[in-house]
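Student: Quick one, protein-v6.cif (mmCIF, C-alpha atoms):
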data_target
loop_
_atom_site.label_atom_id
_atom_site.label_comp_id
_atom_site.auth_asym_id
_atom_site.auth_seq_id
_atom_site.Cartn_x
_atom_site.Cartn_y
_atom_site.Cartn_z
CA MET A 1 -11.80 10.46 -11.90
CA SER A 2 -9.18 13.01 -10.82
CA LYS A 3 -6.79 12.38 -7.97
CA ASN A 4 -8.17 13.48 -4.64
CA ASP A 5 -6.72 13.25 -1.14
CA THR A 6 -10.15 12.38 0.28
CA PRO A 7 -10.47 8.61 0.83
CA VAL A 8 -13.40 7.07 -1.03
CA VAL A 9 -15.46 3.96 -0.38
CA PHE A 10 -15.88 2.49 -3.85
CA ILE A 11 -18.88 0.24 -4.41
CA VAL A 12 -19.09 -2.16 -7.34
CA GLU A 13 -22.52 -3.81 -7.34
CA ASP A 14 -24.72 -4.67 -10.33
CA ASP A 15 -27.98 -4.68 -8.33
CA GLU A 16 -29.20 -1.07 -8.47
CA ALA A 17 -31.32 -1.30 -5.32
CA VAL A 18 -28.46 -2.76 -3.28
CA ARG A 19 -26.02 -0.24 -4.75
CA ASP A 20 -28.25 2.71 -3.88
CA SER A 21 -28.89 1.36 -0.39
CA LEU A 22 -25.16 0.99 0.29
CA GLN A 23 -24.48 4.45 -1.06
CA MET A 24 -27.10 5.96 1.25
CA LEU A 25 -25.85 4.01 4.28
CA LEU A 26 -22.22 5.01 3.81
CA GLY A 27 -23.08 8.60 2.98
CA SER A 28 -25.19 8.84 6.14
CA VAL A 29 -22.15 8.07 8.33
CA GLY A 30 -19.92 10.56 6.55
CA TYR A 31 -18.03 8.55 3.94
CA THR A 32 -17.33 9.86 0.46
CA VAL A 33 -18.79 7.21 -1.84
CA ALA A 34 -18.41 6.35 -5.52
CA ALA A 35 -20.69 3.58 -6.82
CA PHE A 36 -20.42 1.63 -10.07
CA PRO A 37 -22.77 -0.91 -11.69
CA SER A 38 -19.93 -2.95 -13.20
CA ALA A 39 -16.28 -3.82 -12.75
CA THR A 40 -15.50 -2.39 -16.18
CA GLU A 41 -16.93 1.02 -15.31
CA PHE A 42 -14.98 1.04 -12.05
CA LEU A 43 -11.71 0.23 -13.83
CA THR A 44 -12.31 3.04 -16.31
CA ALA A 45 -12.58 5.55 -13.44
CA TYR A 46 -10.00 4.19 -11.00
CA ASP A 47 -6.28 4.76 -10.73
CA THR A 48 -3.95 3.50 -8.02
CA SER A 49 -3.36 6.96 -6.52
CA LEU A 50 -6.95 6.97 -5.22
CA ALA A 51 -7.20 6.08 -1.53
CA GLY A 52 -9.98 4.32 0.33
CA CYS A 53 -11.41 0.83 0.05
CA LEU A 54 -13.55 -1.22 -2.31
CA VAL A 55 -16.82 -3.00 -1.45
CA LEU A 56 -17.12 -5.55 -4.23
CA ASP A 57 -19.86 -8.01 -5.14
CA ILE A 58 -18.20 -11.33 -5.92
CA ARG A 59 -20.78 -12.42 -8.54
CA MET A 60 -21.66 -10.01 -11.35
CA PRO A 61 -22.42 -10.32 -15.06
CA GLY A 62 -19.48 -9.58 -17.33
CA MET A 63 -16.29 -9.19 -15.28
CA ASN A 64 -16.93 -10.71 -11.85
CA GLY A 65 -15.40 -9.65 -8.55
CA MET A 66 -12.57 -12.18 -8.65
CA GLU A 67 -11.56 -11.05 -12.13
CA LEU A 68 -11.56 -7.42 -11.01
CA GLN A 69 -9.37 -8.34 -8.06
CA ARG A 70 -6.87 -9.96 -10.45
CA LYS A 71 -6.87 -6.82 -12.62
CA LEU A 72 -6.20 -4.63 -9.59
CA ASN A 73 -3.39 -6.93 -8.46
CA GLU A 74 -1.83 -6.60 -11.92
CA MET A 75 -2.01 -2.80 -11.46
CA ASN A 76 -0.17 -3.16 -8.10
CA SER A 77 -3.20 -1.60 -6.42
CA ILE A 78 -3.11 -1.56 -2.61
CA LEU A 79 -6.81 -0.69 -2.30
CA PRO A 80 -8.28 -2.98 0.41
CA ILE A 81 -11.14 -5.08 -0.97
CA ILE A 82 -14.15 -6.23 1.05
CA PHE A 83 -16.04 -8.87 -0.91
CA VAL A 84 -19.79 -9.26 -0.58
CA THR A 85 -20.70 -12.92 -1.05
CA GLY A 86 -23.68 -15.23 -1.06
CA HIS A 87 -23.82 -18.33 1.12
CA GLY A 88 -22.55 -20.60 -1.64
CA ASP A 89 -19.64 -18.29 -2.46
CA VAL A 90 -17.69 -18.65 0.79
CA PRO A 91 -15.03 -20.87 -0.88
CA LEU A 92 -14.58 -18.11 -3.50
CA ALA A 93 -14.23 -15.55 -0.72
CA VAL A 94 -11.55 -17.66 0.96
CA GLU A 95 -9.68 -17.84 -2.35
CA ALA A 96 -10.03 -14.05 -2.70
CA MET A 97 -8.51 -13.61 0.78
CA GLN A 98 -5.58 -15.76 -0.30
CA GLN A 99 -5.15 -13.42 -3.27
CA GLY A 100 -4.93 -10.43 -0.93
CA ALA A 101 -8.53 -9.35 -0.26
CA PHE A 102 -8.93 -7.51 3.05
CA ASP A 103 -12.12 -9.25 4.23
CA PHE A 104 -15.58 -10.41 3.18
CA VAL A 105 -19.17 -10.21 4.39
CA GLN A 106 -21.82 -12.81 3.68
CA LYS A 107 -25.34 -11.89 2.61
CA PRO A 108 -27.52 -11.10 4.42
CA TYR A 109 -25.10 -9.03 6.51
CA ARG A 110 -25.74 -6.58 9.34
CA GLU A 111 -25.07 -2.98 8.38
CA GLN A 112 -22.93 -2.51 11.50
CA GLU A 113 -20.79 -5.49 10.55
CA LEU A 114 -20.07 -3.98 7.13
CA LEU A 115 -19.38 -0.53 8.61
CA GLU A 116 -16.87 -1.99 11.07
CA LYS A 117 -15.05 -3.82 8.28
CA ILE A 118 -14.99 -0.67 6.14
CA GLU A 119 -13.57 1.34 9.03
CA LYS A 120 -10.77 -1.20 9.47
CA ALA A 121 -10.10 -1.33 5.72
CA MET A 122 -9.84 2.47 5.53
CA ALA A 123 -7.38 2.45 8.45
CA GLN A 124 -5.34 -0.25 6.70
CA ASP A 125 -5.25 1.81 3.52
CA ARG A 126 -4.04 4.91 5.41
CA GLU A 127 -1.28 2.87 7.03
CA ASN A 128 -0.24 1.26 3.74
CA ARG A 129 -0.07 4.61 1.93
CA ALA A 130 1.87 6.27 4.75
CA THR A 131 4.43 3.47 4.61
CA LEU A 132 4.72 3.82 0.83
CA GLN A 133 5.24 7.56 1.15
CA GLN A 134 7.99 7.07 3.74
CA ARG A 135 9.63 4.43 1.56
CA GLN A 136 9.46 6.68 -1.47
CA VAL A 137 11.20 9.49 0.44
CA ILE A 138 14.04 7.11 1.27
CA LEU A 139 14.23 5.75 -2.29
CA ASP A 140 14.44 9.30 -3.63
CA ARG A 141 17.31 10.05 -1.25
CA LEU A 142 19.11 6.81 -2.13
CA ALA A 143 18.92 7.81 -5.79
CA THR A 144 21.08 10.88 -5.04
CA LEU A 145 24.06 8.74 -3.93
CA THR A 146 27.03 8.31 -6.24
CA PRO A 147 28.10 4.75 -7.14
CA ARG A 148 30.97 4.95 -4.64
CA GLU A 149 28.64 6.24 -1.92
CA GLN A 150 26.35 3.29 -2.70
CA ASP A 151 29.30 0.94 -2.18
CA VAL A 152 30.13 2.55 1.16
CA LEU A 153 26.47 2.48 2.21
CA ASN A 154 26.13 -1.24 1.48
CA LEU A 155 29.15 -2.02 3.64
CA MET A 156 27.95 0.32 6.41
CA VAL A 157 24.63 -1.54 6.47
CA GLU A 158 26.55 -4.80 6.82
CA GLY A 159 28.20 -3.33 9.93
CA ARG A 160 31.71 -2.96 8.51
CA ALA A 161 34.07 -0.53 10.26
CA ASN A 162 35.66 2.31 8.29
CA LYS A 163 39.02 0.54 8.27
CA VAL A 164 37.48 -2.62 6.81
CA ILE A 165 35.50 -0.64 4.23
CA ALA A 166 38.71 1.09 3.16
CA ILE A 167 40.43 -2.25 2.61
CA ASP A 168 37.43 -3.78 0.82
CA LEU A 169 37.10 -0.83 -1.57
CA ASP A 170 40.84 -0.17 -1.87
CA ILE A 171 40.51 3.47 -0.81
CA SER A 172 41.89 5.43 2.13
CA GLN A 173 40.16 5.45 5.48
CA ARG A 174 39.84 9.24 5.23
CA THR A 175 37.99 8.84 1.91
CA VAL A 176 35.64 6.36 3.55
CA GLU A 177 34.93 8.86 6.33
CA ILE A 178 34.09 11.55 3.75
CA HIS A 179 31.78 9.21 1.82
CA ARG A 180 30.20 8.00 5.06
CA ALA A 181 29.43 11.57 6.16
CA ARG A 182 27.90 12.34 2.76
CA VAL A 183 25.74 9.20 2.90
CA MET A 184 24.44 10.10 6.37
CA ASP A 185 23.75 13.68 5.24
CA LYS A 186 22.01 12.77 1.97
CA LEU A 187 19.74 10.23 3.63
CA GLY A 188 19.03 12.43 6.65
CA ALA A 189 20.04 9.59 8.96
CA LYS A 190 20.41 10.48 12.62
CA SER A 191 22.54 7.45 13.50
CA LEU A 192 23.90 4.27 11.96
CA ALA A 193 20.95 2.34 13.37
CA HIS A 194 18.56 4.85 11.80
CA LEU A 195 20.40 4.50 8.50
CA VAL A 196 20.12 0.71 8.60
CA ARG A 197 16.35 0.87 9.33
CA MET A 198 15.86 3.31 6.45
CA VAL A 199 17.70 1.11 3.98
CA MET A 200 15.84 -2.01 5.17
CA ALA A 201 12.53 -0.16 4.74
CA ALA A 202 13.47 0.93 1.22
CA ARG A 203 14.37 -2.64 0.34
CA GLY A 204 11.13 -3.95 1.82
CA THR A 205 12.86 -6.02 4.50
CA ASP A 206 11.60 -4.08 7.51
CA SER A 207 8.42 -2.41 8.68
CA PHE A 208 9.49 1.20 8.89
CA GLU A 209 8.06 3.26 11.70
CA ALA A 210 10.72 5.87 12.43
CA ASP A 211 10.55 9.33 10.92
CA PRO A 212 12.85 9.38 7.87
CA GLY A 213 13.89 12.92 8.85
#
Write out the structure in this file as structure tokens.

Tutor:
Amino acid sequence: MSKNDTPVVFIVEDDEAVRDSLQMLLGSVGYTVAAFPSATEFLTAYDTSLAGCLVLDIRMPGMNGMELQRKLNEMNSILPIIFVTGHGDVPLAVEAMQQGAFDFVQKPYREQELLEKIEKAMAQDRENRATLQQRQVILDRLATLTPREQDVLNLMVEGRANKVIAIDLDISQRTVEIHRARVMDKLGAKSLAHLVRMVMAARGTDSFEADPG
């Protein structure tokens, strides 16, 4: 499956009638849908660049839903998973949630309930991917810094004044000012506070909402 910017609702369900019914339901409300009869066939087609969400039957012959979830976690996939479970599988669904699943629905479920969960999962996926893209922009900019600029940046983030940075690095204050200006320019930071937020976002220690510039 080639990379496409269109989000897809992936369905993995071994029951053909249920699979076809879900495909028709989701197609009727405008979703792009890709349905698979097994976890193995889904894995063959999927790569982590593909956006959307996954509606996944928890019990299937061969690789079951929980095993597929583990495989996706190993791939560092951020695809939100909505498990479809039977009454006796609720403990499994709870375990799946602990392993990062987005949500679950219990058979028999109302179509509207599933559609609402899919809508939320798709929104979560958009948000996750936007954050990753912002973080990647910052990481790419950080990679352009020289080792000395990295040193100055780290001390700037700690709130050190130019004079203190100069002493810590055994360089002149004027040199610090030059490095500091280059750091701000290379990262596209509008202020020290903006710079700090960008670095925290890149390091995964802050939820980044500001425009990286």

Student: Given the file above and the PyMOL selection byres ((chain A and resi 166-169) around 12), which residues are selected, and can you give them as an MDAnalysis selection string?

Tutor: chainID A and resid 147:156 160:165 170:180

Student: Tell me which protein, DNA and RNA residues are within 6 Å of region 98-109 of chain A, counting all atoms listed in the file, leaving out same-chain ones fewer than 3 positions away, and put them as an NGL selection string.

Tutor: :A and (80-86 or 95)

Student: How would the residues just chosen look if you wrote them out with C-alpha atoms as a PDB file, keeping the file's coordinate frame?

Tutor:
ATOM      1  CA  PRO A  80      -8.280  -2.980   0.410  1.00  0.00           C
ATOM      2  CA  ILE A  81     -11.140  -5.080  -0.970  1.00  0.00           C
ATOM      3  CA  ILE A  82     -14.150  -6.230   1.050  1.00  0.00           C
ATOM      4  CA  PHE A  83     -16.040  -8.870  -0.910  1.00  0.00           C
ATOM      5  CA  VAL A  84     -19.790  -9.260  -0.580  1.00  0.00           C
ATOM      6  CA  THR A  85     -20.700 -12.920  -1.050  1.00  0.00           C
ATOM      7  CA  GLY A  86     -23.680 -15.230  -1.060  1.00  0.00           C
ATOM      8  CA  GLU A  95      -9.680 -17.840  -2.350  1.00  0.00           C
TER       9      GLU A  95
END

Student: Between A:Ala17, A:Ile118, A:Ala202, A:Ile78, which has the minimum distance to Val137 (chain A) (counting all atoms listed in the file)?

Tutor: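 Using all atoms listed in the file, the shortest distance to Val137 (chain A) belongs to A:Ala202.
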
Student: For the provided coordinates, the residues matched by the PyMOL selection byres ((chain A and resi 13) around 7) should be stated as a PDB file with C-alpha atoms, in the frame of the given file.

Tutor:
ATOM      1  CA  ILE A  11     -18.880   0.240  -4.410  1.00  0.00           C
ATOM      2  CA  VAL A  12     -19.090  -2.160  -7.340  1.00  0.00           C
ATOM      3  CA  ASP A  14     -24.720  -4.670 -10.330  1.00  0.00           C
ATOM      4  CA  ASP A  15     -27.980  -4.680  -8.330  1.00  0.00           C
ATOM      5  CA  ARG A  19     -26.020  -0.240  -4.750  1.00  0.00           C
ATOM      6  CA  PHE A  36     -20.420   1.630 -10.070  1.00  0.00           C
ATOM      7  CA  PRO A  37     -22.770  -0.910 -11.690  1.00  0.00           C
ATOM      8  CA  SER A  38     -19.930  -2.950 -13.200  1.00  0.00           C
ATOM      9  CA  LEU A  56     -17.120  -5.550  -4.230  1.00  0.00           C
ATOM     10  CA  ASP A  57     -19.860  -8.010  -5.140  1.00  0.00           C
TER      11      ASP A  57
END

Student: Counting only C-alpha atoms, which of A:Gly65, A:Gly188, A:Pro7, A:Gly159 gets nearest to Thr40 (chain A)?

Tutor: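 Of A:Gly65, A:Gly188, A:Pro7, A:Gly159, the one nearest Thr40 (chain A), counting only C-alpha atoms, is A:Gly65.
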
Student: Convert the output of the PyMOL selection byres ((chain A and resi 122-135) around 12) on the shown file into explicit residues, formatted as a count of residues only.

Tutor: 57

Student: Hey, which of A:Leu145, A:Ala34, A:Met97, A:Val157 ends up closest to Val196 (chain A)? Count only C-alpha atoms.

Tutor: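 For Val196 (chain A), the nearest of the candidates is A:Val157.
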
Student: Could you work out how far CA of Leu43 (chain A) lies from CA of Met63 (chain A), giving the answer in Å with one decimal?

Tutor: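 Between these atoms lies a distance of 10.6 Å.
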
Student: Rounded to one decimal in Å, what is the spacing between CA of Leu92 (chain A) and CA of Gly62 (chain A)?

Tutor: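 Computed distance, CA of Leu92 (chain A) to CA of Gly62 (chain A), equals 17.0 Å.
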